[in-house]
Amino acid sequence: MHHRPEPIRRRPAAHAPYLVPIQVMALGLLLFVPPVGARPLDVFVSVLPLQTFVERVGGERVQVHTMVQPGHSPATYEPTPRQITALADADLYFRVGVPFETAWMKRITATNPDMPVVDLRDGLPLRPQEAHDHGSEHGPEHAHEHEAMDPHVWTSPRLVRRMAATIRDALTAVDPPGAEVYAANQAAYDAELASLDQALQDRLAGLHQRSFLVYHPAWGYFADAYGLTQVPIEYEGKAPGARRLAQLIDQARAEHARVILVQPQFDQRAARQVARAIGGRVEAVDPLATDYAANLLRLATIIAEVYGPADATRTHDSTQPPP
């Protein structure tokens with residue numbers, strides 16, 4: 001006896017419309033999933049502030065590694081074997097001319113000859129390093145001689161705006177599909193840097209004294225941008241002798257200097273000796289700090305507290321740094 005086959009039971013047509021949105025959604029998700037094997041660009045930078053800049057422009061398309069680790073000096077740093085090994089797979093290196101790079105750059109590039117190396121000083125108006133200035137031999141006409149010049153270009157937000165554009169272009173050259181992301185990120189960061197620049201101008205307006213002492217002359221570009229003068233204590237990377245120290249004390253008294261900036265990577269004894277002699281204060285401000293905007297605003301506040309009107313800091317307490 002033959003049995004008639006069971007009829008195929010079809011889903012009621014009323015349910016069909018619910019399948020379409022799910023299919024479209026699945027297709028849309030596939031379009032936004034990065035291809036298998038895709039990874040962020042491996043980017044190396046010399047010092048921590050540059051990491052901040054590259055991350056702000058590169059976003060999630062970059063993974064940034066800093067050579068000089070916190071607490072170390074760019075003047076004496078030696079890359080670790082692990083860093084040298086990692087550089088062999090790097091996609092891009094941003095340099096800025098800090099002293100360790102002068103000694104190590106040939107070995108860094110030999111590790112990865114195909115890795116583009118971008119000098120973020122290119123095209124910027126460089127200044128002599130006070131501690132190495134021997135008269136006019138390093139005048140403006142020699143600004144292209146990078147190694148003789150002050151490498152701390154990142155202390156000026158105005159120069160960082162130009163550096164961020166260079167970072168955008170370099171990332172785009174290595175990763176053309178990310179061009180729109182890099183352009184949008186750089187534009188947003190440029191607006192924040194412009195706001196930071198204005199906040200610093202406001203905070204440093206109306207000072208009755210515009211000179212400050214520093215142990216290591218790392219704040220020259222910041223000083224130039226805002227009409228200030230830094231007076232270094234160390235000379236050619238060395239602590240001052242007795243004669244130099246006496247000259248500094250006399251100069252500080254003549255200029256009514258009352259604040260001395262130090263950074264954790266350097267010996268602070270000479271700075272504290274000068275501070276005691278002039279009745280001034282020692283303030284630790286690290287030009288290598290990662291919280292870039294907040295760090296510069298704190299520096300401006302310190303200077304305004306010492307040299308500005310009594311209400312200088314109260315007027316600008318509400319200024320919020322860009323993230």
# chains A, B, ... in the order shown; residues from 1 in each chain; ligands from 1
$ residues_around --residues "Val259 of chain A" --least-positions-apart "3" --cutoff "7 Å" --atoms "only C-alpha atoms" --output "PyMOL selection string"
chain A and resi 212-213+280-282
$ residues_around --residues "segment 46-57 of chain A" --least-positions-apart "5" --cutoff "6 Å" --atoms "only C-alpha atoms" --output "list in words"
Thr66, Met67, Val68, Arg95, Tyr182, Asn185, Gln186, Leu288 and Thr290 of chain A
$ write_last_selection --atoms "N, CA and C atoms" --output "PDB file, in the first residue's frame"
ATOM      1  N   THR A  66      56.552  54.045  21.691  1.00  0.00           N
ATOM      2  CA  THR A  66      57.489  55.132  21.995  1.00  0.00           C
ATOM      3  C   THR A  66      58.843  54.559  22.400  1.00  0.00           C
ATOM      4  N   MET A  67      59.899  55.107  21.827  1.00  0.00           N
ATOM      5  CA  MET A  67      61.249  54.617  22.130  1.00  0.00           C
ATOM      6  C   MET A  67      61.676  55.000  23.548  1.00  0.00           C
ATOM      7  N   VAL A  68      61.642  56.310  23.869  1.00  0.00           N
ATOM      8  CA  VAL A  68      62.110  56.778  25.182  1.00  0.00           C
ATOM      9  C   VAL A  68      60.991  56.579  26.190  1.00  0.00           C
ATOM     10  N   ARG A  95      60.543  60.788  13.739  1.00  0.00           N
ATOM     11  CA  ARG A  95      61.637  61.287  14.571  1.00  0.00           C
ATOM     12  C   ARG A  95      61.499  62.793  14.760  1.00  0.00           C
ATOM     13  N   TYR A 182      42.179  59.839   8.500  1.00  0.00           N
ATOM     14  CA  TYR A 182      43.300  60.672   8.939  1.00  0.00           C
ATOM     15  C   TYR A 182      42.994  62.157   8.750  1.00  0.00           C
ATOM     16  N   ASN A 185      40.415  63.221  11.466  1.00  0.00           N
ATOM     17  CA  ASN A 185      41.035  63.274  12.794  1.00  0.00           C
ATOM     18  C   ASN A 185      41.975  64.460  12.928  1.00  0.00           C
ATOM     19  N   GLN A 186      42.745  64.713  11.881  1.00  0.00           N
ATOM     20  CA  GLN A 186      43.687  65.838  11.931  1.00  0.00           C
ATOM     21  C   GLN A 186      42.954  67.173  12.001  1.00  0.00           C
ATOM     22  N   LEU A 288      58.072  65.967  28.480  1.00  0.00           N
ATOM     23  CA  LEU A 288      57.802  64.663  27.877  1.00  0.00           C
ATOM     24  C   LEU A 288      56.480  64.066  28.357  1.00  0.00           C
ATOM     25  N   THR A 290      52.661  62.899  28.751  1.00  0.00           N
ATOM     26  CA  THR A 290      51.705  62.446  27.738  1.00  0.00           C
ATOM     27  C   THR A 290      50.446  63.305  27.697  1.00  0.00           C
TER      28      THR A 290
END
$ atom_distance --atom1 "atom CA of Val262 of chain A" --atom2 "atom CA of Ala284 of chain A"
4.8 Å
$ closest_residue --among "A:Met149, A:Ala173, A:Ala270, A:Ala289" --to "Val118 of chain A" --atoms "only C-alpha atoms"
A:Ala173
$ atom_distance --atom1 "atom CA of His208 of chain A" --atom2 "atom CA of Tyr235 of chain A"
27.3 Å
$ closest_residue --among "A:Gly241, A:Tyr93, A:Ala294, A:Gly58" --to "Ala188 of chain A" --atoms "only C-alpha atoms"
A:Gly58
$ closest_atom_pairs --of "segment 215-277 of chain A" --to "segment 152-155 of chain A" --cutoff "8 Å" --atoms "only C-alpha atoms" --output "JSON lines"
{"residue": "A:Ala218", "atom": "CA", "partner": "A:His152", "partner_atom": "CA", "distance": 5.9}
{"residue": "A:Trp219", "atom": "CA", "partner": "A:Thr155", "partner_atom": "CA", "distance": 6.4}
{"residue": "A:Gly220", "atom": "CA", "partner": "A:His152", "partner_atom": "CA", "distance": 7.6}
{"residue": "A:Tyr221", "atom": "CA", "partner": "A:Thr155", "partner_atom": "CA", "distance": 5.8}
{"residue": "A:Phe222", "atom": "CA", "partner": "A:Thr155", "partner_atom": "CA", "distance": 5.1}
$ residues_around --residues "Ile249 of chain A" --least-positions-apart "6" --cutoff "12 Å" --atoms "only C-alpha atoms" --output "PyMOL selection string"
chain A and resi 213+231-233+240+242-243+255-258+260+270-280
$ write_last_selection --atoms "N, CA and C atoms" --output "compact mmCIF listing (two decimals), in the first residue's frame"
# COMPACT_ATOMS: atom_id res chain seq x y z
N LEU A 213 63.66 80.69 34.69
CA LEU A 213 64.83 79.84 34.66
C LEU A 213 64.40 78.39 34.44
N VAL A 231 65.90 80.93 30.63
CA VAL A 231 67.30 81.10 30.98
C VAL A 231 67.79 79.76 31.53
N PRO A 232 68.63 79.01 30.78
CA PRO A 232 69.03 77.68 31.22
C PRO A 232 70.10 77.71 32.31
N ILE A 233 70.01 76.76 33.21
CA ILE A 233 71.00 76.60 34.27
C ILE A 233 72.13 75.70 33.81
N PRO A 240 76.16 73.42 36.13
CA PRO A 240 77.02 74.60 36.14
C PRO A 240 78.08 74.53 37.24
N ALA A 242 80.84 76.67 39.83
CA ALA A 242 80.60 77.72 40.82
C ALA A 242 80.47 79.09 40.15
N ARG A 243 81.33 79.38 39.17
CA ARG A 243 81.29 80.69 38.52
C ARG A 243 80.00 80.86 37.74
N GLU A 255 66.82 90.20 36.79
CA GLU A 255 65.60 90.07 36.01
C GLU A 255 64.37 89.74 36.87
N HIS A 256 64.57 89.69 38.17
CA HIS A 256 63.49 89.40 39.12
C HIS A 256 62.83 88.05 38.83
N ALA A 257 63.65 87.10 38.41
CA ALA A 257 63.13 85.76 38.16
C ALA A 257 62.76 85.10 39.48
N ARG A 258 61.62 84.42 39.50
CA ARG A 258 61.14 83.83 40.74
C ARG A 258 60.72 82.37 40.61
N ILE A 260 61.85 78.47 38.79
CA ILE A 260 62.82 77.65 38.08
C ILE A 260 62.14 76.34 37.72
N ALA A 270 71.22 71.86 41.48
CA ALA A 270 71.65 73.22 41.11
C ALA A 270 70.45 74.16 41.07
N ALA A 271 69.33 73.67 40.55
CA ALA A 271 68.13 74.51 40.47
C ALA A 271 67.67 74.92 41.86
N ARG A 272 67.70 73.99 42.79
CA ARG A 272 67.27 74.32 44.15
C ARG A 272 68.25 75.26 44.83
N GLN A 273 69.51 75.17 44.50
CA GLN A 273 70.50 76.10 45.05
C GLN A 273 70.23 77.53 44.57
N VAL A 274 69.94 77.67 43.27
CA VAL A 274 69.62 78.99 42.73
C VAL A 274 68.33 79.51 43.35
N ALA A 275 67.34 78.65 43.50
CA ALA A 275 66.06 79.06 44.07
C ALA A 275 66.23 79.58 45.49
N ARG A 276 67.05 78.92 46.27
CA ARG A 276 67.29 79.40 47.64
C ARG A 276 67.95 80.77 47.64
N ALA A 277 68.87 80.97 46.69
CA ALA A 277 69.61 82.23 46.65
C ALA A 277 68.73 83.40 46.24
N ILE A 278 67.74 83.16 45.40
CA ILE A 278 66.92 84.27 44.89
C ILE A 278 65.55 84.31 45.57
N GLY A 279 65.31 83.40 46.50
CA GLY A 279 64.00 83.36 47.13
C GLY A 279 62.91 82.94 46.18
N GLY A 280 63.24 82.08 45.24
CA GLY A 280 62.28 81.63 44.24
C GLY A 280 61.74 80.25 44.55
$ closest_residue --among "A:Ile84, A:Ala304, A:Val174, A:Ala164" --to "Pro40 of chain A" --atoms "only C-alpha atoms"
A:Val174
$ residues_around --residues "Ala183 of chain A" --least-positions-apart "4" --cutoff "12 Å" --atoms "only C-alpha atoms" --output "number ranges by chain"
A: 56-59, 164-172, 176-179, 187-190
$ write_last_selection --atoms "N, CA and C atoms" --output "PDB file, in the first residue's frame"
ATOM      1  N   ARG A  56      46.176  60.715  17.994  1.00  0.00           N
ATOM      2  CA  ARG A  56      45.034  61.589  17.717  1.00  0.00           C
ATOM      3  C   ARG A  56      44.727  61.632  16.216  1.00  0.00           C
ATOM      4  N   VAL A  57      45.758  61.606  15.379  1.00  0.00           N
ATOM      5  CA  VAL A  57      45.539  61.639  13.929  1.00  0.00           C
ATOM      6  C   VAL A  57      45.198  60.252  13.388  1.00  0.00           C
ATOM      7  N   GLY A  58      45.883  59.228  13.897  1.00  0.00           N
ATOM      8  CA  GLY A  58      45.720  57.880  13.356  1.00  0.00           C
ATOM      9  C   GLY A  58      44.525  57.127  13.895  1.00  0.00           C
ATOM     10  N   GLY A  59      44.090  57.470  15.109  1.00  0.00           N
ATOM     11  CA  GLY A  59      42.958  56.776  15.696  1.00  0.00           C
ATOM     12  C   GLY A  59      43.200  55.286  15.816  1.00  0.00           C
ATOM     13  N   ALA A 164      51.057  67.836  12.980  1.00  0.00           N
ATOM     14  CA  ALA A 164      49.907  66.944  12.817  1.00  0.00           C
ATOM     15  C   ALA A 164      49.539  66.797  11.338  1.00  0.00           C
ATOM     16  N   ALA A 165      49.680  67.863  10.577  1.00  0.00           N
ATOM     17  CA  ALA A 165      49.414  67.772   9.133  1.00  0.00           C
ATOM     18  C   ALA A 165      50.442  66.866   8.456  1.00  0.00           C
ATOM     19  N   THR A 166      51.696  66.954   8.899  1.00  0.00           N
ATOM     20  CA  THR A 166      52.731  66.063   8.358  1.00  0.00           C
ATOM     21  C   THR A 166      52.431  64.614   8.716  1.00  0.00           C
ATOM     22  N   ILE A 167      51.983  64.391   9.943  1.00  0.00           N
ATOM     23  CA  ILE A 167      51.613  63.038  10.374  1.00  0.00           C
ATOM     24  C   ILE A 167      50.468  62.504   9.514  1.00  0.00           C
ATOM     25  N   ARG A 168      49.467  63.344   9.274  1.00  0.00           N
ATOM     26  CA  ARG A 168      48.342  62.949   8.403  1.00  0.00           C
ATOM     27  C   ARG A 168      48.839  62.497   7.043  1.00  0.00           C
ATOM     28  N   ASP A 169      49.721  63.297   6.443  1.00  0.00           N
ATOM     29  CA  ASP A 169      50.200  62.977   5.093  1.00  0.00           C
ATOM     30  C   ASP A 169      51.036  61.702   5.085  1.00  0.00           C
ATOM     31  N   ALA A 170      51.860  61.511   6.128  1.00  0.00           N
ATOM     32  CA  ALA A 170      52.704  60.320   6.181  1.00  0.00           C
ATOM     33  C   ALA A 170      51.870  59.057   6.370  1.00  0.00           C
ATOM     34  N   LEU A 171      50.868  59.119   7.240  1.00  0.00           N
ATOM     35  CA  LEU A 171      49.992  57.960   7.442  1.00  0.00           C
ATOM     36  C   LEU A 171      49.215  57.642   6.167  1.00  0.00           C
ATOM     37  N   THR A 172      48.766  58.675   5.478  1.00  0.00           N
ATOM     38  CA  THR A 172      48.021  58.477   4.243  1.00  0.00           C
ATOM     39  C   THR A 172      48.890  57.818   3.176  1.00  0.00           C
ATOM     40  N   PRO A 176      46.765  54.396   2.204  1.00  0.00           N
ATOM     41  CA  PRO A 176      45.812  55.225   1.450  1.00  0.00           C
ATOM     42  C   PRO A 176      44.345  54.976   1.783  1.00  0.00           C
ATOM     43  N   PRO A 177      43.919  53.740   2.082  1.00  0.00           N
ATOM     44  CA  PRO A 177      42.490  53.568   2.419  1.00  0.00           C
ATOM     45  C   PRO A 177      42.055  54.342   3.658  1.00  0.00           C
ATOM     46  N   GLY A 178      43.004  54.742   4.499  1.00  0.00           N
ATOM     47  CA  GLY A 178      42.648  55.489   5.704  1.00  0.00           C
ATOM     48  C   GLY A 178      42.658  56.988   5.531  1.00  0.00           C
ATOM     49  N   ALA A 179      42.794  57.458   4.297  1.00  0.00           N
ATOM     50  CA  ALA A 179      42.968  58.895   4.051  1.00  0.00           C
ATOM     51  C   ALA A 179      41.869  59.739   4.673  1.00  0.00           C
ATOM     52  N   ALA A 187      41.868  67.297  11.272  1.00  0.00           N
ATOM     53  CA  ALA A 187      41.092  68.540  11.307  1.00  0.00           C
ATOM     54  C   ALA A 187      40.509  68.780  12.690  1.00  0.00           C
ATOM     55  N   ALA A 188      39.994  67.718  13.311  1.00  0.00           N
ATOM     56  CA  ALA A 188      39.432  67.861  14.654  1.00  0.00           C
ATOM     57  C   ALA A 188      40.521  68.223  15.664  1.00  0.00           C
ATOM     58  N   TYR A 189      41.658  67.576  15.549  1.00  0.00           N
ATOM     59  CA  TYR A 189      42.754  67.858  16.492  1.00  0.00           C
ATOM     60  C   TYR A 189      43.309  69.263  16.268  1.00  0.00           C
ATOM     61  N   ASP A 190      43.348  69.703  15.018  1.00  0.00           N
ATOM     62  CA  ASP A 190      43.823  71.056  14.728  1.00  0.00           C
ATOM     63  C   ASP A 190      42.959  72.092  15.435  1.00  0.00           C
TER      64      ASP A 190
END
